[in-house]
$ cat my_file_28.txt   # compact mmCIF, C-alpha atoms and all ligand atoms
# COMPACT_ATOMS: atom_id res chain seq x y z
CA MET A 1 -40.64 127.97 -17.50
CA VAL A 2 -41.77 126.71 -20.86
CA GLY A 3 -40.47 123.46 -22.28
CA PRO A 4 -41.30 119.97 -23.51
CA PRO A 5 -42.30 117.15 -21.15
CA GLY A 6 -39.38 115.65 -19.29
CA ALA A 7 -37.12 118.69 -19.72
CA GLY A 8 -36.92 119.08 -15.95
CA LYS A 9 -39.29 121.98 -15.27
CA THR A 10 -40.96 120.35 -12.28
CA LEU A 11 -37.59 119.15 -11.01
CA LEU A 12 -36.16 122.69 -11.20
CA ALA A 13 -39.12 124.23 -9.41
CA ARG A 14 -38.98 121.63 -6.65
CA ALA A 15 -35.30 122.43 -6.15
CA MET A 16 -36.14 126.09 -5.43
CA PRO A 17 -36.42 125.75 -1.63
CA GLY A 18 -32.78 124.63 -1.59
CA ILE A 19 -31.54 127.99 -2.86
CA LEU A 20 -33.85 130.38 -1.02
CA PRO A 21 -32.43 132.78 1.58
CA ASP A 22 -33.22 132.33 5.26
CA LEU A 23 -36.42 133.78 6.68
CA SER A 24 -35.66 136.83 8.80
CA LEU A 25 -37.31 137.00 12.21
CA GLU A 26 -39.64 139.70 10.93
CA GLU A 27 -40.69 137.52 8.00
CA SER A 28 -40.99 134.47 10.20
CA LEU A 29 -43.46 136.29 12.45
CA GLU A 30 -45.56 137.42 9.48
CA VAL A 31 -45.74 133.89 8.08
CA THR A 32 -46.42 132.38 11.49
CA ARG A 33 -49.44 134.65 11.99
CA ILE A 34 -50.95 133.42 8.73
CA TYR A 35 -50.34 129.76 9.59
CA SER A 36 -51.85 130.38 12.98
CA VAL A 37 -55.06 131.78 11.45
CA ALA A 38 -55.12 128.85 9.02
CA ASP A 39 -54.67 126.45 11.92
CA ALA A 40 -51.62 125.03 10.17
CA LEU A 41 -48.80 125.79 12.60
CA PRO A 42 -45.96 123.29 12.73
CA PRO A 43 -45.40 121.48 16.05
CA GLU A 44 -42.78 124.06 17.11
CA MET A 45 -45.50 126.76 16.72
CA MET A 46 -43.32 128.97 14.55
CA VAL A 47 -42.69 128.91 10.80
CA ARG A 48 -38.94 129.16 10.29
CA THR A 49 -38.46 128.14 6.68
CA ARG A 50 -39.71 129.86 3.57
CA PRO A 51 -43.02 128.35 2.46
CA PHE A 52 -43.15 126.35 -0.75
CA ARG A 53 -46.71 125.69 -1.89
CA SER A 54 -47.67 123.74 -4.97
CA PRO A 55 -51.44 123.46 -5.25
CA HIS A 56 -52.95 121.12 -7.85
CA HIS A 57 -54.67 122.71 -10.85
CA THR A 58 -58.05 121.47 -9.67
CA ILE A 59 -57.86 123.92 -6.73
CA SER A 60 -60.89 126.15 -6.21
CA HIS A 61 -60.94 129.90 -6.41
CA ALA A 62 -61.33 130.13 -2.62
CA GLY A 63 -58.59 127.57 -2.09
CA LEU A 64 -56.15 129.63 -4.10
CA VAL A 65 -56.89 133.20 -3.04
CA GLY A 66 -58.76 132.58 0.20
CA GLY A 67 -62.36 132.80 1.23
CA GLY A 68 -65.13 130.70 2.63
CA ASN A 69 -67.87 131.56 5.09
CA TRP A 70 -65.35 131.97 7.83
CA PRO A 71 -62.63 133.45 5.58
CA HIS A 72 -59.45 131.44 5.60
CA PRO A 73 -56.13 132.24 3.90
CA GLY A 74 -55.69 130.72 0.44
CA GLU A 75 -52.55 129.22 -1.07
CA ILE A 76 -51.31 132.67 -2.15
CA SER A 77 -51.26 133.67 1.53
CA MET A 78 -49.85 130.35 2.71
CA ALA A 79 -47.02 131.09 0.25
CA HIS A 80 -46.38 134.54 1.80
CA ARG A 81 -42.63 135.37 1.77
CA GLY A 82 -42.07 132.08 -0.04
CA VAL A 83 -42.85 130.35 -3.32
CA LEU A 84 -46.16 129.53 -4.98
CA PHE A 85 -45.49 126.92 -7.65
CA LEU A 86 -48.17 126.42 -10.29
CA ASP A 87 -47.20 123.41 -12.37
CA GLU A 88 -48.94 122.96 -15.74
CA LEU A 89 -50.14 126.57 -15.57
CA PRO A 90 -52.69 126.46 -18.44
CA GLU A 91 -54.55 123.68 -16.64
CA PHE A 92 -55.56 126.14 -13.92
CA GLY A 93 -58.74 127.74 -15.21
CA SER A 94 -58.35 131.25 -16.57
CA ARG A 95 -60.84 132.51 -13.97
CA VAL A 96 -58.64 131.18 -11.18
CA LEU A 97 -55.52 132.68 -12.73
CA GLU A 98 -57.03 136.10 -13.34
CA VAL A 99 -57.95 136.57 -9.68
CA MET A 100 -54.25 136.39 -8.85
CA ARG A 101 -53.46 139.53 -10.81
CA GLN A 102 -54.50 141.99 -8.12
CA PRO A 103 -52.73 140.21 -5.24
CA ILE A 104 -49.56 139.98 -7.35
CA GLU A 105 -49.61 143.79 -7.61
CA ASP A 106 -50.81 144.59 -4.09
CA LYS A 107 -49.04 141.77 -2.21
CA VAL A 108 -52.17 141.41 -0.11
CA VAL A 109 -55.56 139.92 -0.88
CA THR A 110 -58.84 141.37 0.28
CA ILE A 111 -61.78 139.05 0.75
CA SER A 112 -65.15 140.75 0.79
CA ARG A 113 -68.02 139.36 2.78
CA ALA A 114 -71.44 140.76 3.64
CA GLN A 115 -70.13 141.32 7.19
CA GLY A 116 -67.14 143.30 5.97
CA SER A 117 -63.84 142.67 4.31
CA LEU A 118 -60.71 140.93 5.47
CA THR A 119 -57.15 141.36 4.24
CA PHE A 120 -54.49 138.66 4.24
CA PRO A 121 -50.84 139.16 3.27
CA ALA A 122 -49.95 137.51 -0.05
CA ASN A 123 -46.43 138.51 -0.93
CA PHE A 124 -45.20 135.43 -2.74
CA MET A 125 -42.83 134.50 -5.55
CA LEU A 126 -44.81 132.92 -8.36
CA VAL A 127 -43.07 130.06 -10.15
CA ALA A 128 -44.97 128.50 -13.04
CA ALA A 129 -44.27 125.78 -15.56
CA MET A 130 -45.99 124.83 -18.79
CA ASN A 131 -45.58 122.87 -21.99
CA PRO A 132 -45.57 125.07 -25.10
CA CYS A 133 -48.60 123.30 -26.63
CA PRO A 134 -51.03 120.42 -25.92
CA CYS A 135 -48.74 117.70 -27.34
CA GLY A 136 -45.81 119.35 -25.58
CA TYR A 137 -43.25 119.40 -28.38
CA TYR A 138 -43.79 122.72 -30.13
CA GLY A 139 -40.28 124.09 -30.80
CA ASP A 140 -38.56 120.89 -29.64
CA SER A 141 -35.27 119.99 -31.30
CA LEU A 142 -36.09 116.29 -31.78
CA LYS A 143 -39.75 115.42 -31.58
CA PRO A 144 -42.12 117.06 -34.05
CA CYS A 145 -45.15 118.89 -32.71
CA THR A 146 -48.42 117.32 -33.78
CA CYS A 147 -50.63 120.28 -32.89
CA ALA A 148 -52.31 122.49 -35.46
CA PRO A 149 -50.86 126.02 -35.32
CA SER A 150 -54.22 127.40 -34.19
CA THR A 151 -54.24 124.88 -31.31
CA VAL A 152 -50.80 126.09 -30.19
CA THR A 153 -51.95 129.71 -30.22
CA LYS A 154 -55.16 128.86 -28.40
CA TYR A 155 -53.22 126.93 -25.72
CA GLN A 156 -50.78 129.77 -25.12
CA LYS A 157 -53.61 132.30 -24.97
CA ARG A 158 -54.95 130.56 -21.90
CA ILE A 159 -52.41 132.68 -20.03
CA SER A 160 -53.48 136.26 -20.48
CA GLY A 161 -51.13 139.07 -21.49
CA PRO A 162 -51.67 140.94 -18.20
CA LEU A 163 -50.65 137.85 -16.20
CA LEU A 164 -47.60 137.25 -18.40
CA ASP A 165 -46.64 140.91 -17.96
CA ARG A 166 -46.43 140.27 -14.21
CA ILE A 167 -43.96 137.43 -14.62
CA ASP A 168 -40.44 138.85 -14.56
CA ILE A 169 -38.40 135.90 -15.74
CA HIS A 170 -39.57 133.93 -18.75
CA ILE A 171 -37.29 131.05 -19.60
CA GLU A 172 -37.33 128.24 -22.08
CA VAL A 173 -36.32 124.90 -20.62
CA PRO A 174 -35.15 122.75 -23.54
CA ARG A 175 -34.68 119.00 -23.37
CA VAL A 176 -31.31 117.95 -22.02
CA ASP A 177 -29.40 115.74 -24.42
CA TYR A 178 -28.12 112.34 -23.46
CA GLN A 179 -24.47 113.43 -23.49
CA LYS A 180 -25.01 116.03 -20.82
CA LEU A 181 -27.20 113.80 -18.67
CA SER A 182 -24.76 110.90 -18.81
CA SER A 183 -21.62 112.94 -18.20
CA ASP A 184 -20.51 112.83 -14.59
CA ARG A 185 -19.74 116.54 -14.56
CA LEU A 186 -22.03 117.86 -11.89
CA GLY A 187 -23.59 121.28 -11.96
CA GLU A 188 -23.27 123.77 -9.15
CA SER A 189 -24.75 122.53 -5.89
CA SER A 190 -27.82 124.16 -4.40
CA ASP A 191 -25.71 124.97 -1.34
CA ALA A 192 -23.25 127.02 -3.36
CA ILE A 193 -26.06 128.85 -5.13
CA ARG A 194 -27.86 129.46 -1.86
CA LYS A 195 -24.79 131.24 -0.47
CA ARG A 196 -24.84 133.62 -3.44
CA VAL A 197 -28.57 134.20 -3.04
CA GLN A 198 -28.15 134.83 0.68
CA ALA A 199 -25.40 137.38 0.01
CA ALA A 200 -27.65 139.18 -2.48
CA ARG A 201 -30.46 139.14 0.06
CA ASP A 202 -28.15 140.50 2.76
CA ARG A 203 -27.33 143.44 0.49
CA GLN A 204 -31.04 144.09 0.16
CA THR A 205 -31.63 143.86 3.90
CA ALA A 206 -28.93 146.47 4.42
CA ARG A 207 -30.40 148.65 1.67
CA PHE A 208 -33.87 148.69 3.17
CA ALA A 209 -32.83 148.79 6.82
CA ILE A 210 -33.85 152.43 6.86
CA PRO A 211 -37.05 153.16 8.79
CA ASN A 212 -40.03 152.18 6.69
CA SER A 213 -42.57 154.82 5.87
CA PRO A 214 -45.03 155.06 8.77
CA LYS A 215 -48.00 155.22 6.43
CA ILE A 216 -47.86 151.65 5.15
CA LYS A 217 -51.24 149.96 5.08
CA HIS A 218 -50.04 146.60 6.26
CA GLU A 219 -46.86 145.53 7.97
CA SER A 220 -46.41 142.67 5.52
CA MET A 221 -45.92 145.36 2.89
CA ASN A 222 -42.66 146.43 4.49
CA VAL A 223 -39.95 146.63 1.89
CA ILE A 224 -37.61 143.74 2.66
CA SER A 225 -36.38 142.67 -0.76
CA ASN A 226 -36.03 144.28 -4.19
CA ALA A 227 -39.32 142.78 -5.32
CA ASP A 228 -41.09 144.76 -2.59
CA MET A 229 -39.87 148.14 -3.86
CA ARG A 230 -42.51 150.69 -4.77
CA VAL A 231 -42.03 153.56 -7.19
CA GLY A 232 -40.29 155.72 -4.56
CA GLU A 233 -37.72 153.06 -3.71
CA ILE A 234 -37.22 152.23 -7.38
CA ARG A 235 -36.37 155.87 -8.07
CA GLN A 236 -33.98 155.92 -5.16
CA PHE A 237 -32.24 152.58 -5.58
CA CYS A 238 -32.46 151.71 -9.27
CA LYS A 239 -30.68 154.65 -10.81
CA LEU A 240 -29.26 153.95 -14.24
CA ASP A 241 -26.22 155.47 -15.86
CA GLU A 242 -26.49 157.15 -19.24
CA ALA A 243 -25.95 153.94 -21.22
CA GLY A 244 -28.60 152.19 -19.14
CA GLU A 245 -31.05 155.04 -19.66
CA SER A 246 -30.70 154.89 -23.40
CA LEU A 247 -30.96 151.08 -23.41
CA ILE A 248 -34.21 151.09 -21.47
CA ARG A 249 -35.59 153.94 -23.56
CA ALA A 250 -34.99 151.89 -26.69
CA ALA A 251 -36.47 148.78 -25.09
CA MET A 252 -39.61 150.60 -24.01
CA GLY A 253 -40.31 151.34 -27.64
CA GLN A 254 -39.17 148.10 -29.23
CA MET A 255 -40.52 145.68 -26.64
CA ASN A 256 -43.69 147.62 -26.05
CA LEU A 257 -42.82 147.73 -22.37
CA SER A 258 -45.66 148.92 -20.14
CA ALA A 259 -45.08 151.22 -17.18
CA ARG A 260 -45.42 148.15 -14.98
CA GLY A 261 -42.97 146.26 -17.16
CA TYR A 262 -40.52 149.15 -16.87
CA HIS A 263 -40.58 149.07 -13.08
CA ARG A 264 -40.36 145.29 -13.02
CA VAL A 265 -37.29 145.31 -15.26
CA LEU A 266 -35.56 147.83 -13.01
CA LYS A 267 -36.22 145.73 -9.90
CA LEU A 268 -34.95 142.60 -11.60
CA ALA A 269 -31.85 144.44 -12.85
CA ARG A 270 -31.26 145.57 -9.25
CA THR A 271 -31.35 141.93 -8.12
CA ILE A 272 -29.02 140.79 -10.90
CA ALA A 273 -26.62 143.56 -9.82
CA ASP A 274 -26.93 142.39 -6.21
CA LEU A 275 -26.11 138.83 -7.22
CA ALA A 276 -23.02 140.21 -8.93
CA GLY A 277 -22.16 142.21 -5.82
CA CYS A 278 -22.47 145.59 -7.60
CA ASP A 279 -23.73 148.80 -6.04
CA GLN A 280 -24.59 150.33 -9.39
CA ILE A 281 -26.86 148.68 -11.96
CA GLN A 282 -24.73 148.20 -15.04
CA THR A 283 -25.88 147.91 -18.63
CA THR A 284 -25.20 144.15 -18.65
CA HIS A 285 -27.50 143.69 -15.65
CA LEU A 286 -30.22 145.69 -17.34
CA ALA A 287 -29.76 143.82 -20.63
CA GLU A 288 -30.07 140.51 -18.82
CA ALA A 289 -33.25 141.63 -17.07
CA LEU A 290 -34.76 142.79 -20.37
CA GLN A 291 -33.98 139.48 -21.97
CA TYR A 292 -36.26 137.69 -19.50
CA ARG A 293 -39.35 139.69 -20.52
CA PRO A 294 -42.01 137.69 -22.36
CA LYS A 295 -41.02 137.34 -26.00
CA ILE A 296 -44.52 137.26 -27.30
CA MET A 297 -47.30 139.11 -25.58
CA MET A 298 -50.12 136.64 -25.81
CA GLY A 299 -53.79 137.21 -25.16
N1 LIG A 301 -31.65 118.49 -16.30
C1 LIG A 301 -31.90 117.30 -15.75
N2 LIG A 301 -30.96 116.68 -15.00
C2 LIG A 301 -31.21 115.50 -14.43
N3 LIG A 301 -32.37 114.83 -14.53
C3 LIG A 301 -33.34 115.38 -15.25
C4 LIG A 301 -33.16 116.65 -15.90
N4 LIG A 301 -34.29 116.95 -16.55
C5 LIG A 301 -35.14 115.94 -16.30
N5 LIG A 301 -34.58 114.99 -15.53
C6 LIG A 301 -35.22 113.75 -15.10
O1 LIG A 301 -36.41 113.63 -15.81
C7 LIG A 301 -37.49 113.55 -14.90
C8 LIG A 301 -38.67 114.33 -15.44
O2 LIG A 301 -38.44 115.70 -15.26
P1 LIG A 301 -39.62 116.69 -14.91
O3 LIG A 301 -39.09 117.74 -14.03
O4 LIG A 301 -40.80 115.95 -14.44
O5 LIG A 301 -39.92 117.29 -16.37
P2 LIG A 301 -41.06 118.28 -16.80
O6 LIG A 301 -41.71 118.82 -15.58
O7 LIG A 301 -40.35 119.33 -17.61
O8 LIG A 301 -41.99 117.48 -17.66
C9 LIG A 301 -36.99 114.08 -13.58
O9 LIG A 301 -37.60 113.50 -12.49
C10 LIG A 301 -35.53 113.73 -13.64
O10 LIG A 301 -35.34 112.41 -13.18
MG MG A 302 -43.66 118.64 -15.04
$ encode --input "my_file_28.txt" --output "structure tokens"
Amino acid sequence: MVGPPGAGKTLLARAMPGILPDLSLEESLEVTRIYSVADALPPEMMVRTRPFRSPHHTISHAGLVGGGNWPHPGEISMAHRGVLFLDELPEFGSRVLEVMRQPIEDKVVTISRAQGSLTFPANFMLVAAMNPCPCGYYGDSLKPCTCAPSTVTKYQKRISGPLLDRIDIHIEVPRVDYQKLSSDRLGESSDAIRKRVQAARDRQTARFAIPNSPKIKHESMNVISNADMRVGEIRQFCKLDEAGESLIRAAMGQMNLSARGYHRVLKLARTIADLAGCDQIQTTHLAEALQYRPKIMMG
């Protein structure tokens, strides 16, 4: 989420837990094992709600990805099967952000020590928020931006292209005008949205309820949701019709879509189709997914 201060980015992110689907028993056990190792189990000894972690940008490398002399899970593992919210993303040092790239791909993190290496699950949904520039008002409809253009570019380059490429949904969060804020017309409630999300998740559970391949490296890599799909599942479950094929072919050229970007778009389109209750990915679903790709590839 990119937008000026006060637009509601932090508010939106903090509302996420209210629309997340239930933890399945399988997921609950995975998460509970991590919290047990971290000595962070809740009083009932079982984690039953999806984690929501929002570490401060001063967090250390080991605090985020895990480590220490007696290796402990980092925030990316504490957020397993839940949300990792990084507010004010550019404030996290680039070194800290770059180490997340591998776990985002692998959904596990391996910590190497002289005595050997240790792997923790780290299959999380990354949610990040940032202002567009240091003053915060670049592109704002009312307040002029006071940053030099080179400062804006430098600020945005703090997030590398490869990290941006791994973020599926890029959205601008503009300021909300007074009229909308003061009107008593309420938006949709989190409860109503959560029902829709749960239905989409149920479709995914049914889709992947086939026996998982016996060769998986780690049980936490079981395919439970669309985001977990690997190339094989993508081929099987994200088939496009002819119109979709030609749309994505055109996009690959025009948007300079990487192979990773291509697979990510298909998975997102699958989820948009699931939210719409459709078995087949339609062109509109694909077009929506493409529209969330980063507009500018920075860095
Ligand atoms: N869309 C909105 N609807 C209602 N209140 C809002 C909205 N956007 C912002 N606010 C109010 O403004 C405050 C600041 O929003 P915040 O999420 O901190 O903005 P940001 O993180 O984008 O700087 C919120 O706590 C909330 O009270
Ligand atoms: Mg904020």
$ residues_near_ligand --input "my_file_28.txt" --ligand "ligand MG 302 (chain A)" --cutoff "9 Å" --atoms "all atoms listed in the file" --output "list in words"
Pro4, Pro5, Gly6, Ala7, Gly8, Lys9, Thr10, Leu11, Asp87, Glu88, Ala129, Met130 and Asn131 of chain A
$ residues_near_point --input "my_file_28.txt" --point "(-61.7, 135.4, 3.4)" --cutoff "9 Å" --atoms "all atoms listed in the file" --output "NGL selection string"
:A and (62 or 65-74 or 109-113 or 117-120)
$ closest_residue --input "my_file_28.txt" --among "A:Leu86, A:Ala209, A:Met125, A:Val2" --to "ligand LIG 301 (chain A)" --atoms "only C-alpha atoms and all ligand atoms"
A:Val2
$ atom_distance --input "my_file_28.txt" --atom1 "CA of Cys135 in chain A" --atom2 "atom C7 of ligand LIG 301 (chain A)"
17.3 Å
$ closest_residue --input "my_file_28.txt" --among "A:Ile281, A:Leu247, A:Leu286, A:Ala15" --to "ligand LIG 301 (chain A)" --atoms "only C-alpha atoms and all ligand atoms"
A:Ala15
$ closest_residue --input "my_file_28.txt" --among "A:Asn123, A:Gln102, A:Thr146, A:Gln179" --to "ligand LIG 301 (chain A)" --atoms "all atoms listed in the file"
A:Gln179
$ axis_aligned_box --input "my_file_28.txt" --around "ligand LIG 301 (chain A)" --padding-each-side "6 Å" --output "JSON"
{"center_x": -36.5, "center_y": 115.9, "center_z": -15.1, "size_x": 23.0, "size_y": 18.9, "size_z": 17.2}
$ atom_distance --input "my_file_28.txt" --atom1 "CA of Gly18 in chain A" --atom2 "CA of Ser190 in chain A"
5.7 Å
$ closest_residue --input "my_file_28.txt" --among "A:Gln291, A:Thr271, A:Thr284, A:Asn256" --to "Arg201 in chain A" --atoms "all atoms listed in the file"
A:Thr271
$ residues_around --input "my_file_28.txt" --residues "Arg230 in chain A" --least-positions-apart "4" --cutoff "12 Å" --atoms "all atoms listed in the file" --output "CSV table (one decimal) with C-alpha atoms, in the coordinates of the input"
chain,number,residue,atom,x,y,z
A,105,GLU,CA,-49.6,143.8,-7.6
A,106,ASP,CA,-50.8,144.6,-4.1
A,107,LYS,CA,-49.0,141.8,-2.2
A,208,PHE,CA,-33.9,148.7,3.2
A,212,ASN,CA,-40.0,152.2,6.7
A,213,SER,CA,-42.6,154.8,5.9
A,216,ILE,CA,-47.9,151.6,5.2
A,221,MET,CA,-45.9,145.4,2.9
A,222,ASN,CA,-42.7,146.4,4.5
A,223,VAL,CA,-40.0,146.6,1.9
A,224,ILE,CA,-37.6,143.7,2.7
A,225,SER,CA,-36.4,142.7,-0.8
A,226,ASN,CA,-36.0,144.3,-4.2
A,234,ILE,CA,-37.2,152.2,-7.4
A,235,ARG,CA,-36.4,155.9,-8.1
A,236,GLN,CA,-34.0,155.9,-5.2
A,237,PHE,CA,-32.2,152.6,-5.6
A,238,CYS,CA,-32.5,151.7,-9.3
A,260,ARG,CA,-45.4,148.2,-15.0
A,263,HIS,CA,-40.6,149.1,-13.1
A,264,ARG,CA,-40.4,145.3,-13.0
A,266,LEU,CA,-35.6,147.8,-13.0
A,267,LYS,CA,-36.2,145.7,-9.9
$ closest_residue --input "my_file_28.txt" --among "A:Arg14, A:Arg101, A:Lys143, A:Arg194" --to "ligand LIG 301 (chain A)" --atoms "only C-alpha atoms and all ligand atoms"
A:Arg14
$ atom_distance --input "my_file_28.txt" --atom1 "CA of Ala273 in chain A" --atom2 "CA of Ile167 in chain A"
19.0 Å
